[in-house]
>>> print(open('target_19.csv').read())   # CSV, C-alpha atoms
chain,number,residue,atom,x,y,z
V,16,MET,CA,-5.6,176.9,33.2
V,17,THR,CA,-2.6,178.8,34.5
V,18,GLU,CA,1.1,178.0,34.1
V,19,ARG,CA,2.9,177.0,37.3
V,20,ARG,CA,6.6,176.1,37.0
V,21,GLU,CA,8.7,174.1,34.6
V,22,GLY,CA,5.8,173.3,32.3
V,23,GLU,CA,3.3,172.5,35.0
V,24,VAL,CA,-0.3,173.4,34.5
V,25,GLU,CA,-3.1,174.0,37.0
V,26,LEU,CA,-6.8,173.4,36.4
V,27,THR,CA,-8.9,176.6,36.3
V,28,THR,CA,-11.2,175.1,38.8
V,29,ASP,CA,-9.7,173.1,41.7
V,30,PRO,CA,-11.5,169.8,42.1
V,31,ALA,CA,-11.2,170.3,45.8
V,32,GLY,CA,-13.6,173.2,45.5
V,33,LEU,CA,-16.1,171.6,43.1
V,34,PRO,CA,-19.5,170.4,44.2
V,35,PRO,CA,-19.1,166.6,45.0
V,36,ASP,CA,-20.2,164.0,42.5
V,37,GLY,CA,-19.8,161.4,45.2
V,38,HIS,CA,-18.4,161.0,48.7
V,39,VAL,CA,-16.0,158.6,50.3
V,40,VAL,CA,-15.8,157.3,53.9
V,41,PHE,CA,-12.6,156.2,55.5
V,42,ILE,CA,-12.7,152.5,56.4
V,43,GLY,CA,-9.4,152.4,58.1
V,44,ARG,CA,-5.8,153.8,58.2
V,45,ILE,CA,-2.4,152.7,57.0
V,46,ARG,CA,0.2,152.0,59.7
V,47,SER,CA,3.7,152.5,58.2
V,48,PRO,CA,7.1,153.4,59.4
V,49,TRP,CA,7.1,156.6,57.4
V,50,THR,CA,6.2,159.8,59.3
V,51,SER,CA,7.7,162.4,57.0
V,52,ARG,CA,7.6,162.9,53.2
V,53,GLU,CA,11.4,162.9,53.0
V,54,GLU,CA,11.7,159.3,54.3
V,55,CYS,CA,8.6,158.0,52.6
V,56,PRO,CA,9.3,155.6,49.7
V,57,ARG,CA,8.1,157.1,46.4
V,58,ASN,CA,6.6,153.9,45.1
V,59,MET,CA,6.0,150.3,46.0
V,60,ALA,CA,9.3,149.1,44.5
V,61,GLN,CA,11.2,151.5,46.8
V,62,ALA,CA,9.1,150.4,49.7
V,63,ARG,CA,9.9,146.7,49.1
V,64,GLU,CA,13.6,147.5,49.0
V,65,ARG,CA,13.4,148.9,52.5
V,66,ALA,CA,11.9,145.6,53.8
V,67,ALA,CA,9.8,147.4,56.3
V,68,PRO,CA,6.4,145.8,56.9
V,69,ALA,CA,3.3,147.9,57.3
V,70,SER,CA,-0.4,147.3,58.1
V,71,VAL,CA,-3.9,148.4,57.6
V,72,GLU,CA,-6.1,149.1,60.7
V,73,VAL,CA,-9.7,148.6,59.7
V,74,ALA,CA,-12.3,150.5,61.7
V,75,PRO,CA,-14.6,148.3,63.9
V,76,ASP,CA,-17.8,148.7,61.8
V,77,TYR,CA,-16.0,147.4,58.7
V,78,ARG,CA,-14.1,144.4,60.2
V,79,PRO,CA,-16.8,141.9,59.2
V,80,GLY,CA,-16.0,142.8,55.6
V,81,LEU,CA,-12.6,141.1,56.0
V,82,ALA,CA,-14.2,137.6,56.3
V,83,GLY,CA,-12.7,135.3,53.6
V,84,LEU,CA,-9.8,137.5,52.8
V,85,GLU,CA,-7.5,135.0,54.4
V,86,GLY,CA,-7.7,133.1,51.1
V,87,ALA,CA,-6.0,135.9,49.2
V,88,SER,CA,-2.2,136.0,48.8
V,89,HIS,CA,-2.2,139.6,47.6
V,90,VAL,CA,-4.6,142.6,47.9
V,91,ALA,CA,-5.1,145.9,46.1
V,92,ILE,CA,-5.5,148.7,48.6
V,93,LEU,CA,-7.0,152.1,47.7
V,94,THR,CA,-5.8,155.1,49.9
V,95,TRP,CA,-7.0,158.7,50.1
V,96,LEU,CA,-4.0,160.9,49.7
V,97,ASN,CA,-5.6,164.0,51.2
V,98,ARG,CA,-2.4,166.0,51.7
V,99,SER,CA,-1.9,166.4,48.0
V,100,ALA,CA,-3.0,169.2,45.6
V,101,ARG,CA,-5.9,168.2,43.4
V,102,ASN,CA,-5.5,170.9,40.7
V,103,LEU,CA,-2.2,169.9,39.0
V,104,ILE,CA,-3.3,168.6,35.6
V,105,VAL,CA,0.2,168.6,34.1
V,106,GLN,CA,3.2,167.9,36.4
V,107,LYS,CA,6.9,167.7,36.1
V,108,PRO,CA,8.2,165.1,38.6
V,109,ARG,CA,11.7,165.6,40.0
V,110,HIS,CA,14.2,163.8,37.8
V,111,ALA,CA,11.7,163.6,34.9
V,112,LEU,CA,12.8,165.0,31.5
V,113,HIS,CA,9.5,166.4,30.5
V,114,PRO,CA,6.2,167.4,32.1
V,115,LYS,CA,3.4,164.8,31.8
V,116,GLY,CA,-0.3,164.7,32.3
V,117,VAL,CA,-1.5,163.5,35.7
V,118,PHE,CA,-3.1,160.4,34.2
V,119,ALA,CA,0.3,159.3,32.8
V,120,LEU,CA,1.8,159.6,36.3
V,121,ARG,CA,1.3,157.8,39.7
V,122,SER,CA,1.7,161.1,41.5
V,123,PRO,CA,-0.4,161.5,44.7
V,124,ALA,CA,-1.5,165.0,43.4
V,125,ARG,CA,-4.5,164.0,41.3
V,126,PRO,CA,-8.1,165.3,40.7
V,127,ASN,CA,-9.3,162.5,42.9
V,128,PRO,CA,-6.4,161.8,45.3
V,129,ILE,CA,-6.6,158.0,45.3
V,130,GLY,CA,-3.6,155.8,45.6
V,131,LEU,CA,-3.5,152.2,44.3
V,132,HIS,CA,-1.1,149.8,46.0
V,133,VAL,CA,-0.7,146.1,45.3
V,134,THR,CA,0.8,144.4,48.3
V,135,ARG,CA,1.3,140.9,49.7
V,136,LEU,CA,-1.0,140.0,52.5
V,137,THR,CA,1.3,138.5,55.2
V,138,GLY,CA,-1.1,138.3,58.0
V,139,LEU,CA,-4.8,138.9,58.9
V,140,ASP,CA,-6.5,139.3,62.3
V,141,ILE,CA,-10.1,139.9,61.5
V,142,GLY,CA,-11.2,140.5,65.1
V,143,ALA,CA,-8.6,143.2,65.5
V,144,GLY,CA,-9.1,144.5,62.0
V,145,ILE,CA,-5.4,144.2,61.2
V,146,LEU,CA,-4.0,143.3,57.7
V,147,THR,CA,-0.2,142.9,57.8
V,148,LEU,CA,1.5,143.9,54.5
V,149,ASP,CA,5.0,143.2,53.1
V,150,ALA,CA,5.5,146.9,52.3
V,151,MET,CA,3.7,150.3,51.8
V,152,ASP,CA,4.7,153.5,50.2
V,153,VAL,CA,2.5,156.0,52.0
V,154,LEU,CA,2.8,158.0,55.3
V,155,ASP,CA,1.6,156.5,58.6
V,156,GLY,CA,-2.0,157.4,59.2
V,157,THR,CA,-3.0,157.7,55.5
V,158,PRO,CA,-6.8,156.9,55.2
V,159,VAL,CA,-7.9,153.7,53.4
V,160,ILE,CA,-11.0,153.7,51.3
V,161,ASP,CA,-11.1,150.2,49.9
V,162,ILE,CA,-9.4,146.7,50.0
V,163,LYS,CA,-9.8,144.2,47.2
V,164,PRO,CA,-8.6,140.7,46.6
V,165,TYR,CA,-6.0,140.7,43.8
V,166,TYR,CA,-6.7,138.3,41.0
V,167,ALA,CA,-3.8,137.4,38.8
V,168,SER,CA,-6.2,136.4,36.0
V,169,THR,CA,-7.4,139.9,35.5
V,170,ASP,CA,-5.1,142.2,37.5
V,171,SER,CA,-1.7,140.9,36.5
V,172,VAL,CA,-0.2,141.9,33.1
V,173,PRO,CA,3.5,141.0,33.2
V,174,GLU,CA,4.1,142.1,29.6
V,175,ALA,CA,2.7,145.7,30.2
V,176,THR,CA,5.2,148.4,29.3
V,177,VAL,CA,5.5,152.1,30.0
V,178,SER,CA,7.8,154.0,27.6
V,179,LYS,CA,10.4,156.0,29.5
V,180,SER,CA,11.0,158.4,26.7
V,181,GLU,CA,7.5,159.7,26.6
O,4,MET,CA,-25.8,145.3,61.7
O,5,THR,CA,-28.9,143.5,60.5
O,6,GLU,CA,-29.2,140.1,58.7
O,7,ARG,CA,-30.4,140.3,55.2
O,8,ARG,CA,-30.7,137.0,53.2
O,9,GLU,CA,-28.6,133.9,53.0
O,10,GLY,CA,-26.0,135.0,55.5
O,11,GLU,CA,-25.7,138.6,54.2
O,12,VAL,CA,-25.1,141.4,56.7
O,13,GLU,CA,-25.9,145.1,56.5
O,14,LEU,CA,-23.9,147.8,58.2
O,15,THR,CA,-25.9,149.6,61.0
O,16,THR,CA,-25.0,152.9,59.4
O,17,ASP,CA,-25.2,153.1,55.6
O,18,PRO,CA,-22.0,154.8,54.3
O,19,ALA,CA,-24.2,156.5,51.7
O,20,GLY,CA,-25.7,158.5,54.6
O,21,LEU,CA,-22.5,159.2,56.6
O,22,PRO,CA,-20.9,162.6,56.6
O,23,PRO,CA,-18.3,162.7,53.9
O,24,ASP,CA,-14.6,162.1,54.7
O,25,GLY,CA,-13.7,163.3,51.2
O,26,HIS,CA,-15.4,163.9,47.9
O,27,VAL,CA,-14.8,162.7,44.3
O,28,VAL,CA,-15.4,164.5,41.0
O,29,PHE,CA,-16.2,162.6,37.8
O,30,ILE,CA,-13.4,163.1,35.2
O,31,GLY,CA,-15.2,161.2,32.5
O,32,ARG,CA,-17.5,158.3,31.5
O,33,ILE,CA,-17.1,154.8,30.3
O,34,ARG,CA,-18.6,154.1,26.9
O,35,SER,CA,-19.3,150.3,26.7
O,36,PRO,CA,-21.7,148.1,24.7
O,37,TRP,CA,-23.5,147.2,28.0
O,38,THR,CA,-26.8,149.0,28.7
O,39,SER,CA,-28.4,146.5,31.2
O,40,ARG,CA,-27.1,144.6,34.1
O,41,GLU,CA,-28.2,141.3,32.5
O,42,GLU,CA,-25.9,141.6,29.6
O,43,CYS,CA,-23.0,143.3,31.4
O,44,PRO,CA,-20.0,141.1,31.9
O,45,ARG,CA,-19.3,140.3,35.6
O,46,ASN,CA,-15.6,140.8,35.5
O,47,MET,CA,-12.8,141.7,33.1
O,48,ALA,CA,-12.2,138.1,32.1
O,49,GLN,CA,-15.8,137.8,30.9
O,50,ALA,CA,-15.5,141.2,29.2
O,51,ARG,CA,-12.4,140.0,27.2
O,52,GLU,CA,-14.2,136.8,26.1
O,53,ARG,CA,-16.8,139.0,24.4
O,54,ALA,CA,-14.2,140.8,22.4
O,55,ALA,CA,-16.1,144.1,22.5
O,56,PRO,CA,-14.0,147.2,22.7
O,57,ALA,CA,-15.0,150.0,25.0
O,58,SER,CA,-13.6,153.5,25.7
O,59,VAL,CA,-13.3,156.3,28.2
O,60,GLU,CA,-14.5,159.8,27.4
O,61,VAL,CA,-12.6,162.3,29.4
O,62,ALA,CA,-14.3,165.6,30.2
O,63,PRO,CA,-12.7,168.6,28.4
O,64,ASP,CA,-11.1,170.2,31.5
O,65,TYR,CA,-9.2,167.0,32.3
O,66,ARG,CA,-7.9,166.2,28.8
O,67,PRO,CA,-4.5,167.8,29.3
O,68,GLY,CA,-3.9,165.2,32.0
O,69,LEU,CA,-3.6,162.5,29.3
O,70,ALA,CA,-0.4,163.9,27.8
O,71,GLY,CA,2.3,161.2,27.9
O,72,LEU,CA,-0.2,158.3,28.4
O,73,GLU,CA,0.6,157.2,24.8
O,74,GLY,CA,3.7,155.5,26.3
O,75,ALA,CA,1.6,153.1,28.4
O,76,SER,CA,0.5,149.7,27.0
O,77,HIS,CA,-2.0,149.2,29.8
O,78,VAL,CA,-3.9,151.4,32.3
O,79,ALA,CA,-5.7,150.9,35.6
O,80,ILE,CA,-9.1,152.7,35.5
O,81,LEU,CA,-11.1,153.6,38.7
O,82,THR,CA,-14.8,153.8,38.2
O,83,TRP,CA,-17.6,155.1,40.5
O,84,LEU,CA,-20.3,152.4,40.7
O,85,ASN,CA,-23.0,154.6,42.0
O,86,ARG,CA,-25.9,152.3,41.3
O,87,SER,CA,-24.8,149.8,43.9
O,88,ALA,CA,-25.7,149.6,47.6
O,89,ARG,CA,-23.0,150.7,50.0
O,90,ASN,CA,-24.1,149.0,53.2
O,91,LEU,CA,-23.6,145.3,52.4
O,92,ILE,CA,-20.6,144.4,54.6
O,93,VAL,CA,-21.1,140.6,54.1
O,94,GLN,CA,-22.4,139.3,50.8
O,95,LYS,CA,-23.4,136.0,49.2
O,96,PRO,CA,-22.7,136.3,45.5
O,97,ARG,CA,-24.8,134.1,43.2
O,98,HIS,CA,-23.1,130.7,42.7
O,99,ALA,CA,-20.8,131.2,45.7
O,100,LEU,CA,-20.9,128.5,48.4
O,101,HIS,CA,-20.6,130.8,51.4
O,102,PRO,CA,-21.1,134.5,52.3
O,103,LYS,CA,-17.9,136.6,52.2
O,104,GLY,CA,-16.9,139.9,53.5
O,105,VAL,CA,-17.0,142.7,51.0
O,106,PHE,CA,-13.2,143.2,51.1
O,107,ALA,CA,-12.8,139.6,50.0
O,108,LEU,CA,-15.0,140.3,46.9
O,109,ARG,CA,-14.8,142.4,43.8
O,110,SER,CA,-18.6,143.2,44.1
O,111,PRO,CA,-19.7,146.7,43.0
O,112,ALA,CA,-21.6,146.9,46.3
O,113,ARG,CA,-19.0,148.4,48.6
O,114,PRO,CA,-18.7,151.1,51.3
O,115,ASN,CA,-16.9,153.2,48.7
O,116,PRO,CA,-18.3,152.0,45.3
O,117,ILE,CA,-15.0,152.1,43.4
O,118,GLY,CA,-14.2,149.7,40.6
O,119,LEU,CA,-10.7,148.8,39.6
O,120,HIS,CA,-10.2,147.7,36.0
O,121,VAL,CA,-6.9,146.8,34.4
O,122,THR,CA,-7.2,147.2,30.6
O,123,ARG,CA,-5.1,147.4,27.5
O,124,LEU,CA,-4.9,150.8,26.0
O,125,THR,CA,-5.5,150.3,22.2
O,126,GLY,CA,-5.9,153.9,21.2
O,127,LEU,CA,-5.6,157.4,22.5
O,128,ASP,CA,-6.9,160.7,21.1
O,129,ILE,CA,-5.9,163.4,23.6
O,130,GLY,CA,-7.7,166.2,21.8
O,131,ALA,CA,-11.0,164.4,21.8
O,132,GLY,CA,-10.4,162.9,25.3
O,133,ILE,CA,-10.9,159.3,24.1
O,134,LEU,CA,-9.0,156.3,25.4
O,135,THR,CA,-9.9,153.1,23.5
O,136,LEU,CA,-9.8,149.9,25.6
O,137,ASP,CA,-9.7,146.2,24.7
O,138,ALA,CA,-12.6,145.5,27.1
O,139,MET,CA,-14.7,146.9,30.0
O,140,ASP,CA,-17.0,145.2,32.5
O,141,VAL,CA,-19.2,148.1,33.5
O,142,LEU,CA,-22.4,149.7,32.1
O,143,ASP,CA,-22.3,152.4,29.5
O,144,GLY,CA,-22.2,155.8,31.1
O,145,THR,CA,-20.4,154.6,34.3
O,146,PRO,CA,-18.5,157.6,35.8
O,147,VAL,CA,-14.7,157.5,35.8
O,148,ILE,CA,-12.7,159.0,38.7
O,149,ASP,CA,-9.1,158.1,37.9
O,150,ILE,CA,-6.8,156.7,35.2
O,151,LYS,CA,-3.3,155.5,36.0
O,152,PRO,CA,-0.5,154.0,33.9
O,153,TYR,CA,0.0,150.3,34.8
O,154,TYR,CA,3.5,149.4,35.8
O,155,ALA,CA,4.3,145.6,35.6
O,156,SER,CA,7.1,146.1,38.1
O,157,THR,CA,4.7,147.0,40.9
O,158,ASP,CA,1.2,146.2,39.7
O,159,SER,CA,1.7,142.7,38.2
O,160,VAL,CA,1.9,139.7,40.5
O,161,PRO,CA,1.5,136.6,38.3
O,162,GLU,CA,1.9,134.2,41.2
O,163,ALA,CA,-0.9,135.8,43.3
O,164,THR,CA,-3.6,133.3,44.4
O,165,VAL,CA,-7.1,133.5,45.8
O,166,SER,CA,-8.4,130.3,47.4
O,167,LYS,CA,-11.7,129.2,46.0
O,168,SER,CA,-12.7,127.2,49.0
O,169,GLU,CA,-12.6,130.2,51.5
>>> encode(input="target_19.csv", output="structure tokens")
Amino acid sequence: MTERREGEVELTTDPAGLPPDGHVVFIGRIRSPWTSREECPRNMAQARERAAPASVEVAPDYRPGLAGLEGASHVAILTWLNRSARNLIVQKPRHALHPKGVFALRSPARPNPIGLHVTRLTGLDIGAGILTLDAMDVLDGTPVIDIKPYYASTDSVPEATVSKSE
Amino acid sequence: MTERREGEVELTTDPAGLPPDGHVVFIGRIRSPWTSREECPRNMAQARERAAPASVEVAPDYRPGLAGLEGASHVAILTWLNRSARNLIVQKPRHALHPKGVFALRSPARPNPIGLHVTRLTGLDIGAGILTLDAMDVLDGTPVIDIKPYYASTDSVPEATVSKSE
């Protein structure tokens, strides 16, 4: 591992150059109002504050996989954040006091660049492959690799805490 | 797409055989009490009922990425469910009334076989790369591809609903 800046640490071997353990296929794309990193919200809380709806466009082959999703009020969407570095194992986010390990952060720069976004499903057109969402915190065109119904019984933990001082 | 059984539908082209749009690397493995599909809980609710702790073993290169995770009470773990078919776009789960699209199900058989598991973090040994979890609903040895701190502010939606009749 080599030092980067301000306590950041790179992996010796970049996961982007490692032999694949598995491969992903893109099932669709995010359509969002955000076309530059500067304007893109940094998380779903910021995205909701902007009150800008977004959507997922599901590729034709995968649209039959949406049948029954009209019964879900919320979905968990997994995106593939392929513009981000994969080798930053310790990172110092802007405005953070101390560097942190990547697995203690929601940074898009991760060994496997997968984003997890919990959103409200405000509309569904299965024939057109369009899911309308209340908000989204990634750039327009970001690939989507999975969509899951959100179950409050197992996915919602209102009492969960993350210490700010760590 | 070709019909399978009981309303199930296969994709014409199996994602397992498509050219990769991206690749994943395994950052660790789940250690769980479950060594056969028959005994493995079908979801996190069932896993919690069995009151059997589990853990994640993070591979040595990725252990520095755990720094700071001690501040999180809960984590979202992404697993790679590589024993499952990737071409079942419409599925009829056992005990379900009607077939459903894969994106309306939490089935491990998905175009990208990624599992999402929200768990309580009951212990953390960064040097040994061990996260102790309250429960886990996948087989022992299942590869792990990401670990994220769980934020109640954006990840918890207690009022989310999924209609049973759909």
>>> closest_residue(input="target_19.csv", among="O:Thr125, O:Ser76, O:Gln49, O:Thr16", to="chain V", atoms="all atoms listed in the file")
O:Ser76
>>> interface_residues(input="target_19.csv", of="chain O", to="chain V", cutoff="6 Å", atoms="all atoms listed in the file", output="PyMOL selection string")
chain O and resi 23-28+68-72+74-77+92-93+103-107+115+121+150-152+155+158-161+163-166+169
>>> residues_around(input="target_19.csv", residues="Ala57 (chain O)", least_positions_apart="3", cutoff="9 Å", atoms="all atoms listed in the file", output="list of chain:residue names")
O:Ile33, O:Arg34, O:Ser35, O:Pro36, O:Leu134, O:Thr135, O:Leu136, O:Asp137, O:Ala138, O:Met139, O:Asp143
>>> atom_distance(input="target_19.csv", atom1="CA of Pro68 (chain V)", atom2="CA of Val159 (chain V)")
16.7 Å
>>> residues_around(input="target_19.csv", residues="Ala143 (chain V)", least_positions_apart="4", cutoff="10 Å", atoms="only C-alpha atoms", output="ChimeraX atom specification")
/V:72-75,78,139
>>> write_last_selection(input="target_19.csv", atoms="C-alpha atoms", output="mmCIF file, in the coordinates of the input")
data_model
loop_
_atom_site.group_PDB
_atom_site.id
_atom_site.type_symbol
_atom_site.label_atom_id
_atom_site.label_comp_id
_atom_site.auth_asym_id
_atom_site.auth_seq_id
_atom_site.Cartn_x
_atom_site.Cartn_y
_atom_site.Cartn_z
ATOM 1 C CA GLU V 72 -6.100 149.100 60.700
ATOM 2 C CA VAL V 73 -9.700 148.600 59.700
ATOM 3 C CA ALA V 74 -12.300 150.500 61.700
ATOM 4 C CA PRO V 75 -14.600 148.300 63.900
ATOM 5 C CA ARG V 78 -14.100 144.400 60.200
ATOM 6 C CA LEU V 139 -4.800 138.900 58.900
#
>>> closest_residue(input="target_19.csv", among="O:Gly10, O:Gly144, O:Pro111, O:Gly130", to="Ser39 (chain O)", atoms="all atoms listed in the file")
O:Gly144
>>> atom_distance(input="target_19.csv", atom1="CA of Asp140 (chain O)", atom2="CA of Gly126 (chain O)")
18.1 Å
>>> atom_distance(input="target_19.csv", atom1="CA of His98 (chain O)", atom2="CA of Ile145 (chain V)")
28.9 Å
